[in-house]
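Q: My structure is stored as structure-v3.cif, with mmCIF, C-alpha atoms.
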data_upload
loop_
_atom_site.label_atom_id
_atom_site.label_comp_id
_atom_site.auth_asym_id
_atom_site.auth_seq_id
_atom_site.Cartn_x
_atom_site.Cartn_y
_atom_site.Cartn_z
CA MET A 1 2.04 1.69 -12.69
CA PRO A 2 4.20 3.22 -15.40
CA ARG A 3 6.10 1.01 -17.80
CA ARG A 4 9.86 1.07 -17.76
CA GLU A 5 11.57 3.47 -20.10
CA SER A 6 14.75 2.63 -21.98
CA ARG A 7 17.96 3.34 -20.09
CA GLU A 8 21.39 4.55 -21.13
CA ARG A 9 24.05 1.84 -21.28
CA ASN A 10 26.72 4.00 -19.65
CA TRP A 11 25.50 4.21 -16.09
CA THR A 12 27.17 5.07 -12.78
CA PRO A 13 25.79 3.68 -9.50
CA PRO A 14 24.25 6.59 -7.54
CA TRP A 15 25.02 5.25 -4.05
CA PRO A 16 27.99 5.59 -1.68
CA THR A 17 29.23 2.00 -1.70
CA ALA A 18 30.96 2.18 1.67
CA SER A 19 27.94 3.35 3.63
CA PHE A 20 25.60 0.38 3.25
CA ALA A 21 27.17 -1.89 5.85
CA GLY A 22 26.75 0.75 8.51
CA VAL A 23 23.01 1.26 8.02
CA MET A 24 21.06 -0.29 10.89
CA HIS A 25 17.79 0.83 12.35
CA ARG A 26 17.54 0.82 16.13
CA HIS A 27 14.85 -1.88 16.05
CA SER A 28 17.12 -4.23 14.11
CA ASP A 29 19.65 -6.34 16.00
CA PRO A 30 22.23 -7.53 13.43
CA ALA A 31 21.60 -11.10 14.55
CA ARG A 32 17.84 -10.84 13.95
CA PRO A 33 16.08 -11.19 10.58
CA TYR A 34 15.31 -7.84 8.99
CA ILE A 35 13.66 -6.31 5.95
CA LEU A 36 14.79 -3.17 4.13
CA SER A 37 12.38 -0.25 4.37
CA GLY A 38 12.35 0.22 0.59
CA TYR A 39 10.48 -3.06 0.24
CA LEU A 40 7.65 -1.64 2.35
CA ARG A 41 7.12 1.49 0.27
CA GLY A 42 4.18 -0.14 -1.47
CA LEU A 43 2.38 -0.18 1.88
CA PHE A 44 2.96 3.52 2.47
CA ALA A 45 1.98 4.35 -1.11
CA TYR A 46 -1.29 2.52 -0.52
CA LEU A 47 -1.95 4.32 2.78
CA GLN A 48 -1.43 7.67 1.06
CA SER A 49 -3.71 6.67 -1.82
CA ARG A 50 -6.43 6.00 0.77
CA HIS A 51 -5.71 9.34 2.50
CA ALA A 52 -4.97 7.34 5.65
CA SER A 53 -2.47 8.52 8.25
CA ILE A 54 0.91 6.82 8.00
CA GLU A 55 2.00 8.01 11.44
CA PRO A 56 0.58 5.04 13.40
CA VAL A 57 2.46 2.63 11.12
CA LEU A 58 5.66 4.67 11.38
CA GLU A 59 5.35 4.51 15.17
CA VAL A 60 5.45 0.70 14.99
CA ILE A 61 8.90 0.78 13.39
CA GLY A 62 10.14 3.95 15.08
CA LEU A 63 10.97 5.79 11.86
CA SER A 64 10.16 9.27 10.65
CA GLU A 65 8.73 9.81 7.19
CA ALA A 66 12.05 11.37 6.15
CA ALA A 67 14.03 8.36 7.39
CA LEU A 68 11.73 6.07 5.42
CA ARG A 69 13.09 7.57 2.19
CA ASP A 70 16.37 5.76 2.79
CA PRO A 71 15.70 2.41 1.06
CA ASP A 72 18.51 0.75 3.02
CA GLN A 73 17.01 1.30 6.46
CA ARG A 74 16.72 -2.09 8.16
CA ILE A 75 13.54 -2.92 10.02
CA ASP A 76 13.02 -5.88 12.31
CA HIS A 77 11.31 -8.48 10.13
CA ASP A 78 8.92 -9.47 12.90
CA LEU A 79 7.43 -5.93 12.99
CA GLN A 80 5.70 -6.42 9.64
CA ASP A 81 2.70 -8.21 11.13
CA GLU A 82 2.07 -5.33 13.55
CA MET A 83 2.53 -2.80 10.75
CA PHE A 84 -0.18 -4.45 8.67
CA ARG A 85 -2.45 -4.87 11.69
CA VAL A 86 -2.27 -1.13 12.30
CA ALA A 87 -2.61 -0.44 8.56
CA GLU A 88 -5.86 -2.43 8.54
CA GLN A 89 -7.13 -0.29 11.41
CA VAL A 90 -6.38 3.05 9.76
CA THR A 91 -7.76 2.01 6.35
CA GLY A 92 -10.60 -0.27 7.35
CA ASP A 93 -9.40 -2.57 4.58
CA ALA A 94 -9.63 -6.27 5.41
CA ASN A 95 -7.28 -6.99 2.47
CA VAL A 96 -4.75 -4.26 3.13
CA GLY A 97 -1.68 -6.44 2.44
CA LEU A 98 -3.08 -7.63 -0.86
CA HIS A 99 -3.95 -4.11 -2.05
CA ALA A 100 -0.69 -2.59 -0.82
CA GLY A 101 1.23 -5.24 -2.75
CA GLU A 102 -0.45 -4.02 -5.93
CA MET A 103 0.99 -0.55 -5.29
CA THR A 104 4.59 -1.77 -5.38
CA HIS A 105 6.94 -0.51 -8.08
CA VAL A 106 10.20 -2.11 -9.17
CA MET A 107 12.17 0.95 -8.05
CA HIS A 108 11.00 0.39 -4.48
CA PHE A 109 13.56 -2.44 -4.40
CA GLY A 110 16.55 -0.09 -4.75
CA LEU A 111 19.63 -1.86 -6.07
CA ILE A 112 17.71 -5.09 -6.69
CA GLY A 113 15.16 -3.12 -8.69
CA LEU A 114 17.91 -1.66 -10.86
CA LEU A 115 19.35 -5.13 -11.36
CA ALA A 116 15.92 -6.49 -12.23
CA MET A 117 15.66 -3.98 -15.06
CA THR A 118 18.76 -5.50 -16.67
CA CYS A 119 17.06 -8.90 -17.04
CA ASP A 120 15.96 -10.02 -20.50
CA THR A 121 13.81 -13.01 -19.49
CA VAL A 122 11.79 -14.28 -16.54
CA ARG A 123 14.46 -16.96 -16.04
CA GLU A 124 17.08 -14.26 -15.44
CA LEU A 125 14.71 -12.52 -13.02
CA VAL A 126 14.21 -15.75 -11.03
CA ASP A 127 17.98 -16.35 -10.94
CA LEU A 128 18.54 -12.79 -9.74
CA HIS A 129 16.01 -13.19 -6.94
CA SER A 130 17.52 -16.52 -5.90
CA ARG A 131 21.00 -15.05 -5.57
CA PHE A 132 20.30 -11.63 -4.09
CA GLN A 133 16.97 -11.86 -2.26
CA ARG A 134 18.74 -11.45 1.10
CA LEU A 135 19.62 -7.90 0.11
CA ILE A 136 15.88 -7.27 0.60
CA THR A 137 15.21 -9.42 3.66
CA THR A 138 16.88 -12.06 5.77
CA GLY A 139 13.58 -13.20 7.26
CA VAL A 140 12.22 -15.14 4.29
CA VAL A 141 13.95 -17.32 1.72
CA VAL A 142 12.18 -18.25 -1.52
CA HIS A 143 13.41 -21.49 -3.07
CA TYR A 144 12.84 -22.11 -6.78
CA VAL A 145 13.00 -25.47 -8.52
CA GLU A 146 12.00 -26.60 -12.01
CA ARG A 147 9.88 -29.71 -11.57
CA GLY A 148 8.41 -31.34 -14.66
CA ASP A 149 6.57 -28.67 -16.63
CA GLU A 150 6.34 -26.30 -13.66
CA LEU A 151 8.47 -23.74 -11.85
CA VAL A 152 7.83 -24.23 -8.15
CA GLY A 153 8.53 -21.50 -5.61
CA GLU A 154 8.36 -22.12 -1.86
CA ALA A 155 8.71 -19.45 0.83
CA SER A 156 10.51 -20.51 4.01
CA TYR A 157 10.62 -18.41 7.14
CA VAL A 158 13.89 -18.13 9.03
CA GLY A 159 13.33 -19.44 12.54
CA GLY A 160 10.17 -21.24 11.41
CA THR A 161 7.68 -18.53 12.48
CA ARG A 162 5.12 -17.80 9.77
CA SER A 163 3.96 -14.28 9.03
CA SER A 164 0.37 -13.06 9.20
CA ARG A 165 -2.04 -13.24 6.29
CA HIS A 166 -1.56 -9.56 5.45
CA THR A 167 2.22 -9.90 5.41
CA MET A 168 2.16 -13.03 3.25
CA GLU A 169 -0.34 -11.48 0.85
CA TYR A 170 1.76 -8.33 0.61
CA ASN A 171 4.89 -10.34 -0.18
CA THR A 172 3.15 -12.52 -2.76
CA ALA A 173 1.21 -9.71 -4.44
CA THR A 174 4.34 -7.55 -4.52
CA HIS A 175 6.42 -10.11 -6.40
CA LEU A 176 3.57 -10.98 -8.76
CA THR A 177 2.92 -7.28 -9.49
CA ILE A 178 6.58 -6.64 -10.29
CA ALA A 179 6.84 -9.72 -12.51
CA ARG A 180 3.69 -8.78 -14.43
CA LEU A 181 4.88 -5.22 -14.87
CA MET A 182 8.24 -6.33 -16.22
CA ALA A 183 6.77 -8.99 -18.49
CA GLY A 184 4.32 -6.48 -19.94
CA PHE A 185 1.35 -8.83 -19.75
CA GLU A 186 -0.96 -10.32 -17.14
CA PHE A 187 -0.15 -13.87 -16.07
CA SER A 188 -0.92 -15.97 -13.04
CA ALA A 189 0.32 -19.07 -11.28
CA ALA A 190 -1.23 -22.37 -12.22
CA ARG A 191 -2.12 -22.79 -8.53
CA MET A 192 -1.06 -21.67 -5.05
CA GLU A 193 -0.85 -23.22 -1.60
CA ILE A 194 -1.28 -20.80 1.30
CA PRO A 195 -0.85 -21.65 5.00
CA TYR A 196 -3.45 -19.29 6.45
CA PRO A 197 -7.16 -20.20 6.78
CA GLU A 198 -9.52 -19.32 3.94
CA PRO A 199 -11.00 -15.82 4.43
CA ALA A 200 -14.79 -15.47 4.50
CA ASP A 201 -14.65 -13.55 1.21
CA THR A 202 -11.92 -14.65 -1.22
CA SER A 203 -12.98 -12.55 -4.20
CA GLU A 204 -10.05 -10.16 -3.90
CA GLN A 205 -7.53 -12.98 -3.53
CA GLN A 206 -8.98 -14.55 -6.65
CA ARG A 207 -8.86 -11.25 -8.54
CA VAL A 208 -5.21 -10.52 -7.67
CA PHE A 209 -3.76 -14.03 -7.85
CA GLY A 210 -6.04 -15.31 -10.61
CA CYS A 211 -5.56 -19.01 -9.94
CA PRO A 212 -6.89 -21.89 -7.80
CA ILE A 213 -5.81 -21.42 -4.17
CA HIS A 214 -5.52 -24.16 -1.54
CA TYR A 215 -5.86 -22.57 1.91
CA GLY A 216 -4.63 -24.04 5.18
CA ALA A 217 -1.62 -25.65 3.54
CA GLU A 218 1.60 -26.49 5.38
CA ARG A 219 3.61 -23.93 3.42
CA LEU A 220 3.41 -20.93 1.09
CA CYS A 221 4.04 -22.38 -2.34
CA PHE A 222 3.23 -21.30 -5.89
CA TYR A 223 3.37 -23.21 -9.17
CA PHE A 224 3.92 -21.47 -12.52
CA PRO A 225 3.97 -23.01 -15.98
CA ARG A 226 7.61 -23.64 -16.79
CA PHE A 227 7.36 -22.03 -20.24
CA LEU A 228 7.00 -18.63 -18.55
CA LEU A 229 10.72 -18.78 -17.72
CA ASP A 230 11.52 -18.02 -21.35
CA ALA A 231 9.11 -15.08 -21.59
CA PRO A 232 10.94 -11.86 -22.56
CA LEU A 233 10.80 -8.85 -20.27
CA VAL A 234 9.86 -5.38 -21.48
CA GLY A 235 12.89 -3.22 -22.15
CA GLY A 236 15.50 -5.50 -20.58
CA ASN A 237 18.95 -3.90 -20.88
CA SER A 238 21.94 -5.83 -19.56
CA GLY A 239 24.49 -3.08 -20.30
CA SER A 240 24.76 -1.92 -16.68
CA ARG A 241 24.54 -5.39 -15.12
CA PRO A 242 28.27 -5.96 -14.42
CA ALA A 243 28.56 -2.82 -12.27
CA LEU A 244 25.29 -3.55 -10.50
CA GLU A 245 26.15 -7.19 -9.80
CA LEU A 246 29.54 -6.16 -8.47
CA GLU A 247 27.86 -3.76 -6.05
CA ALA A 248 25.29 -6.41 -5.06
CA ARG A 249 28.08 -8.88 -4.24
CA ARG A 250 29.88 -6.22 -2.24
CA ARG A 251 26.74 -5.62 -0.24
CA LEU A 252 26.29 -9.31 0.49
CA GLU A 253 29.86 -9.44 1.75
CA ALA A 254 29.36 -6.28 3.82
CA LEU A 255 26.29 -7.82 5.41
CA GLY A 256 28.18 -10.97 6.31
CA VAL A 257 25.71 -13.01 4.28
CA PRO A 258 27.99 -15.85 3.07
CA LEU A 259 27.52 -18.94 5.18
CA PRO A 260 30.29 -19.59 7.70
CA ASP A 261 32.16 -22.86 7.23
CA GLU A 262 32.53 -23.26 10.99
CA SER A 263 29.21 -25.12 10.87
CA PRO A 264 30.29 -28.78 10.53
CA GLU A 265 27.04 -29.75 8.84
CA ILE A 266 27.30 -26.98 6.22
CA ALA A 267 30.95 -27.87 5.57
CA HIS A 268 29.95 -31.55 5.22
CA LEU A 269 27.15 -30.64 2.83
CA LYS A 270 29.55 -28.62 0.67
CA ARG A 271 31.94 -31.59 0.51
CA ILE A 272 29.08 -33.86 -0.58
CA VAL A 273 28.07 -31.38 -3.29
CA GLY A 274 31.67 -30.92 -4.41
CA ASP A 275 32.35 -34.64 -4.59
CA GLY A 276 29.28 -35.23 -6.73
CA LEU A 277 29.65 -32.37 -9.19
CA ARG A 278 31.69 -34.22 -11.80
CA HIS A 279 28.77 -36.59 -12.27
CA GLY A 280 26.36 -33.67 -12.68
CA PRO A 281 24.96 -31.39 -9.96
CA PRO A 282 23.72 -33.66 -7.15
CA GLY A 283 20.07 -33.18 -6.30
CA ILE A 284 18.87 -32.28 -2.85
CA ASP A 285 17.53 -35.84 -2.48
CA ASP A 286 21.06 -37.22 -2.96
CA ALA A 287 22.58 -34.71 -0.56
CA ALA A 288 20.01 -35.41 2.15
CA ALA A 289 20.53 -39.17 1.76
CA ALA A 290 24.30 -38.72 2.10
CA LEU A 291 23.72 -36.75 5.32
CA GLY A 292 21.32 -39.41 6.58
CA ILE A 293 18.39 -37.00 6.97
CA SER A 294 15.18 -36.26 5.11
CA VAL A 295 14.96 -33.64 2.40
CA ARG A 296 12.57 -31.56 4.48
CA LYS A 297 14.89 -31.69 7.49
CA LEU A 298 17.81 -30.52 5.35
CA GLN A 299 15.68 -27.69 3.98
CA ARG A 300 14.68 -26.61 7.48
CA ARG A 301 18.29 -26.57 8.66
CA LEU A 302 19.32 -24.45 5.70
CA GLU A 303 16.35 -22.15 6.26
CA ALA A 304 17.46 -21.68 9.86
CA VAL A 305 20.67 -20.04 8.60
CA GLY A 306 18.89 -18.14 5.84
CA SER A 307 20.09 -20.27 2.96
CA SER A 308 18.91 -22.89 0.49
CA TYR A 309 20.28 -25.95 -1.26
CA ARG A 310 20.47 -24.01 -4.52
CA GLU A 311 22.70 -21.44 -2.83
CA ILE A 312 24.94 -24.12 -1.33
CA LEU A 313 25.35 -25.61 -4.80
CA ASP A 314 26.21 -22.22 -6.28
CA VAL A 315 28.65 -21.26 -3.51
CA THR A 316 30.41 -24.63 -3.76
CA ARG A 317 30.70 -24.43 -7.53
CA ARG A 318 32.07 -20.90 -7.31
CA ALA A 319 34.77 -21.86 -4.81
CA MET A 320 35.79 -24.92 -6.84
CA ALA A 321 35.77 -22.94 -10.09
CA GLU A 322 38.22 -20.48 -8.59
CA GLN A 323 40.56 -23.34 -7.67
CA TYR A 324 40.26 -25.28 -10.93
CA ILE A 325 40.74 -22.33 -13.26
CA LEU A 326 44.12 -21.61 -11.67
CA ASP A 327 45.31 -25.14 -12.50
CA GLU A 328 47.08 -24.66 -15.85
CA SER A 329 46.86 -28.41 -16.55
CA LEU A 330 43.06 -28.16 -16.84
CA SER A 331 41.39 -26.84 -19.96
CA GLN A 332 38.19 -24.84 -19.68
CA VAL A 333 36.32 -27.88 -21.00
CA ASP A 334 37.86 -29.92 -18.16
CA VAL A 335 36.76 -27.33 -15.60
CA ALA A 336 33.23 -27.30 -17.00
CA LEU A 337 32.99 -31.09 -16.72
CA LEU A 338 34.46 -31.16 -13.21
CA LEU A 339 31.85 -28.63 -12.09
CA GLY A 340 28.99 -30.55 -13.66
CA PHE A 341 28.17 -28.03 -16.38
CA ALA A 342 26.66 -29.30 -19.61
CA ASP A 343 29.21 -27.47 -21.74
CA GLN A 344 31.86 -24.75 -21.76
CA SER A 345 29.36 -21.99 -22.57
CA ALA A 346 27.47 -22.77 -19.34
CA LEU A 347 30.74 -22.38 -17.43
CA HIS A 348 31.34 -19.02 -19.14
CA ARG A 349 27.89 -17.75 -18.12
CA ALA A 350 28.40 -18.84 -14.52
CA PHE A 351 31.90 -17.34 -14.41
CA ARG A 352 30.63 -13.99 -15.63
CA ARG A 353 27.97 -14.05 -12.94
CA TRP A 354 30.44 -14.97 -10.21
CA PHE A 355 33.49 -12.92 -11.14
CA ASP A 356 32.31 -10.46 -13.79
CA THR A 357 34.83 -11.87 -16.26
CA THR A 358 35.48 -14.96 -18.41
CA PRO A 359 37.44 -18.01 -17.21
CA GLY A 360 40.27 -17.17 -19.61
CA GLU A 361 40.47 -13.55 -18.49
CA TYR A 362 40.41 -14.61 -14.84
CA ARG A 363 43.22 -17.11 -15.39
CA ALA A 364 45.32 -14.55 -17.26
CA LEU A 365 44.78 -11.92 -14.59
CA ARG A 366 45.83 -14.23 -11.76
CA ARG A 367 48.82 -15.45 -13.77
CA SER A 368 50.04 -11.86 -14.18
CA ARG A 369 50.06 -11.19 -10.43
#
Show the structure stored in the file as structure tokens.
A:
Amino acid sequence: MPRRESRERNWTPPWPTASFAGVMHRHSDPARPYILSGYLRGLFAYLQSRHASIEPVLEVIGLSEAALRDPDQRIDHDLQDEMFRVAEQVTGDANVGLHAGEMTHVMHFGLIGLLAMTCDTVRELVDLHSRFQRLITTGVVVHYVERGDELVGEASYVGGTRSSRHTMEYNTATHLTIARLMAGFEFSAARMEIPYPEPADTSEQQRVFGCPIHYGAERLCFYFPRFLLDAPLVGGNSGSRPALELEARRRLEALGVPLPDESPEIAHLKRIVGDGLRHGPPGIDDAAAALGISVRKLQRRLEAVGSSYREILDVTRRAMAEQYILDESLSQVDVALLLGFADQSALHRAFRRWFDTTPGEYRALRRSR
């Protein structure tokens, strides 16, 4: 795959911002988990590289080849398994998901791909994926946590139904391929846990993933050395990030992604998080204990609504930041402490991510209204 070229800093988004909310493929009920067609372009690129017919796979999702060019077409998430089953038939490749994932390019991700190219480090890339992954799919949520000297990522499936081996391998190989491309060097996880049974021949899995793999696990989980978070990305250019993040937030709002507070349990969880912030961000263990449930049960309930504890923490902080910054009696240092940030600079970084401005500029703007 080609390396990224440098980009101009003055950049205008090439999409009609009002049209996204109206895009819905006939297979995709708004209430059902979906995946955007752009994410599946690696599969079709692989089929074409094998000179295999793409028509049988298109029939599964009911799209024409021309319609597939729209990266914002929504496809029922549950159709992926059938797509890869058919793809295996037309290619004769027992590792079709794995090989298709290697064909993925960052630009297949549309807006998220453009945002990814503004990241300077792997840490920024992980943060981006955590916040905006539901612009790609609402069927899977990947949770990231720094634990000891490792970055741990766990994939959770909305509704609890796991995908097939091909689908999981496509998803995992896709993200690993993109990360390697953007880092400019080959790296692998320290180890992986995969819920499907061990294939008879695992040589291709070993070649692509390049790490010890535990098959038949309870979950899809990967462990990377924590130092990789600080690895620089090739050609990162943050100049166009504000406009891109603004559009990404608009799209989340248009999709109705923010969690509704009419759920008593979610509202209760937000109160627990908010009450504990001044003492430092409460961990998921503390939140689960306050709710009187296990950590795993809390994670499952959040997964069922397509969210994660990290997102709840971020959403709660954002809402409280908006309230605190309007209180003229509070300094920015006070606001940072109340929100559990280590210092004022951390508050500034979060504020720019949330509102595309600094706390002082936001306060001045609201004061002038």
Q: Write out as a PyMOL selection string each polymer residue whose atoms come within 9 Å of region 274-285 of chain A, counting only C-alpha atoms; drop sequence neighbours fewer than 4 positions from it.
A: chain A and resi 269-270+289-290+294-295+298-299+309-310+313+316-317+320+336-342
Q: Would you write out those residues with C-alpha atoms, as an mmCIF file, in the coordinates of the input?
A:
data_model
loop_
_atom_site.group_PDB
_atom_site.id
_atom_site.type_symbol
_atom_site.label_atom_id
_atom_site.label_comp_id
_atom_site.auth_asym_id
_atom_site.auth_seq_id
_atom_site.Cartn_x
_atom_site.Cartn_y
_atom_site.Cartn_z
ATOM 1 C CA LEU A 269 27.150 -30.640 2.830
ATOM 2 C CA LYS A 270 29.550 -28.620 0.670
ATOM 3 C CA ALA A 289 20.530 -39.170 1.760
ATOM 4 C CA ALA A 290 24.300 -38.720 2.100
ATOM 5 C CA SER A 294 15.180 -36.260 5.110
ATOM 6 C CA VAL A 295 14.960 -33.640 2.400
ATOM 7 C CA LEU A 298 17.810 -30.520 5.350
ATOM 8 C CA GLN A 299 15.680 -27.690 3.980
ATOM 9 C CA TYR A 309 20.280 -25.950 -1.260
ATOM 10 C CA ARG A 310 20.470 -24.010 -4.520
ATOM 11 C CA LEU A 313 25.350 -25.610 -4.800
ATOM 12 C CA THR A 316 30.410 -24.630 -3.760
ATOM 13 C CA ARG A 317 30.700 -24.430 -7.530
ATOM 14 C CA MET A 320 35.790 -24.920 -6.840
ATOM 15 C CA ALA A 336 33.230 -27.300 -17.000
ATOM 16 C CA LEU A 337 32.990 -31.090 -16.720
ATOM 17 C CA LEU A 338 34.460 -31.160 -13.210
ATOM 18 C CA LEU A 339 31.850 -28.630 -12.090
ATOM 19 C CA GLY A 340 28.990 -30.550 -13.660
ATOM 20 C CA PHE A 341 28.170 -28.030 -16.380
ATOM 21 C CA ALA A 342 26.660 -29.300 -19.610
#
Q: How close does each residue of region 48-128 of chain A get to region 193-210 of chain A, giving the shortest atom pair and distance in Å to one decimal for every residue with an atom at most 10 Å away, counting only C-alpha atoms, sorted by chain and residue number, as a tab-separated table?
A:
residue	atom	partner	partner_atom	distance
A:Ala94	CA	A:Pro199	CA	9.7
A:Asn95	CA	A:Glu204	CA	7.6
A:Leu98	CA	A:Gln205	CA	7.5
A:His99	CA	A:Val208	CA	8.6
A:Gly101	CA	A:Val208	CA	9.7
A:Glu102	CA	A:Val208	CA	8.2
Q: For Arg251 (chain A), which of A:Glu124, A:Asp72, A:Glu65, A:Asp81 is the closest residue, counting only C-alpha atoms?
A: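 With only C-alpha atoms as the atom set, the closest residue is A:Asp72.
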Q: For region 170-186 of chain A, list every protein, DNA or RNA residue within 10 Å, evaluated using all atoms listed in the file, and leave out those in the same chain fewer than 6 positions away; present the list as a PyMOL selection string.
A: chain A and resi 1-4+39-40+42-43+84+95-107+113+116-117+119-122+125-126+140+155+164+205+208-210+220-222+228+231-236
Q: To one decimal place in Å, what is the distance between CA of Gln80 (chain A) and CA of Glu245 (chain A)?
A: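 Between CA of Gln80 (chain A) and CA of Glu245 (chain A) the gap works out to 28.2 Å.
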Q: If you measure from CA of Ile312 (chain A) to CA of Ala350 (chain A), what distance in Å do you get, rounded to one decimal?
A: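 Atom-to-atom, CA of Ile312 (chain A) and CA of Ala350 (chain A) are spaced 14.6 Å apart.
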Q: Evaluating the PyMOL selection byres ((chain A and resi 304) around 12) on the displayed file yields which residues, as an NGL selection string?
A: :A and (32-33 or 138-141 or 156-161 or 259 or 266 or 297-303 or 305-308)
Q: What's the 9 Å shell around Arg69 (chain A), counting only C-alpha atoms, without same-chain residues fewer than 6 positions away, as a ChimeraX atom specification?
A: /A:37-38,41
Q: Apply the PyMOL selection byres ((chain A and resi 213) around 7) to the structure shown and report the selected residues as an mmCIF file with C-alpha atoms, in the frame of the given file.
A:
data_model
loop_
_atom_site.group_PDB
_atom_site.id
_atom_site.type_symbol
_atom_site.label_atom_id
_atom_site.label_comp_id
_atom_site.auth_asym_id
_atom_site.auth_seq_id
_atom_site.Cartn_x
_atom_site.Cartn_y
_atom_site.Cartn_z
ATOM 1 C CA ARG A 191 -2.120 -22.790 -8.530
ATOM 2 C CA MET A 192 -1.060 -21.670 -5.050
ATOM 3 C CA GLU A 193 -0.850 -23.220 -1.600
ATOM 4 C CA CYS A 211 -5.560 -19.010 -9.940
ATOM 5 C CA PRO A 212 -6.890 -21.890 -7.800
ATOM 6 C CA HIS A 214 -5.520 -24.160 -1.540
ATOM 7 C CA TYR A 215 -5.860 -22.570 1.910
#
Q: For the PyMOL selection byres ((chain A and resi 59) around 12), applied here, can you spell out every residue it catches as a PyMOL selection string?
A: chain A and resi 27+53-58+60-65+68+79+82-83+86-87
Q: Grab the CA of Leu252 (chain A) to CA of Leu135 (chain A) distance for me, in Å with one decimal place.
A: 6.8 Å
Q: Could you check which of A:Tyr223, A:Ser331, A:Arg165, A:Thr357 is closest to Ser188 (chain A), using only C-alpha atoms?
A: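 Ranked by minimum distance to Ser188 (chain A), first place goes to A:Tyr223.
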Q: Quick one: residues within 12 Å of Gly148 (chain A), only C-alpha atoms, excluding same-chain residues fewer than 5 positions away - as a ChimeraX atom specification?
A: /A:223-227
Q: Would you mind listing what lies within 12 Å of Arg363 (chain A) as an MDAnalysis selection string, with all atoms listed in the file counted and same-chain residues fewer than 6 positions away left out?
A: chainID A and resid 321:332 351 355 357 369
Q: Between A:Ile35, A:Val142, A:Ala189, A:Leu347, single out the one closest to Phe109 (chain A), counting only C-alpha atoms.
A: A:Ile35
Q: Considering all atoms listed in the file, can you say which of A:Ala66, A:Ala364, A:Leu114, A:Ile293 comes closest to Gly239 (chain A)?
A: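 Using all atoms listed in the file, Gly239 (chain A) sits closest to A:Leu114.
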Q: Give the answer as one residue: which of A:Arg74, A:Arg349, A:Arg123, A:Arg131 has the shortest atom-to-atom distance to Glu146 (chain A), using all atoms listed in the file?
A: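 For Glu146 (chain A), the nearest of the candidates is A:Arg123.
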Q: Check the smallest atom-to-atom distance from each of A:Leu246, A:Ala217, A:Val90, A:Ala287 to Leu111 (chain A) using only C-alpha atoms, then report the winner.
A: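 Looking at the shortest contact to Leu111 (chain A), the residue is A:Leu246.
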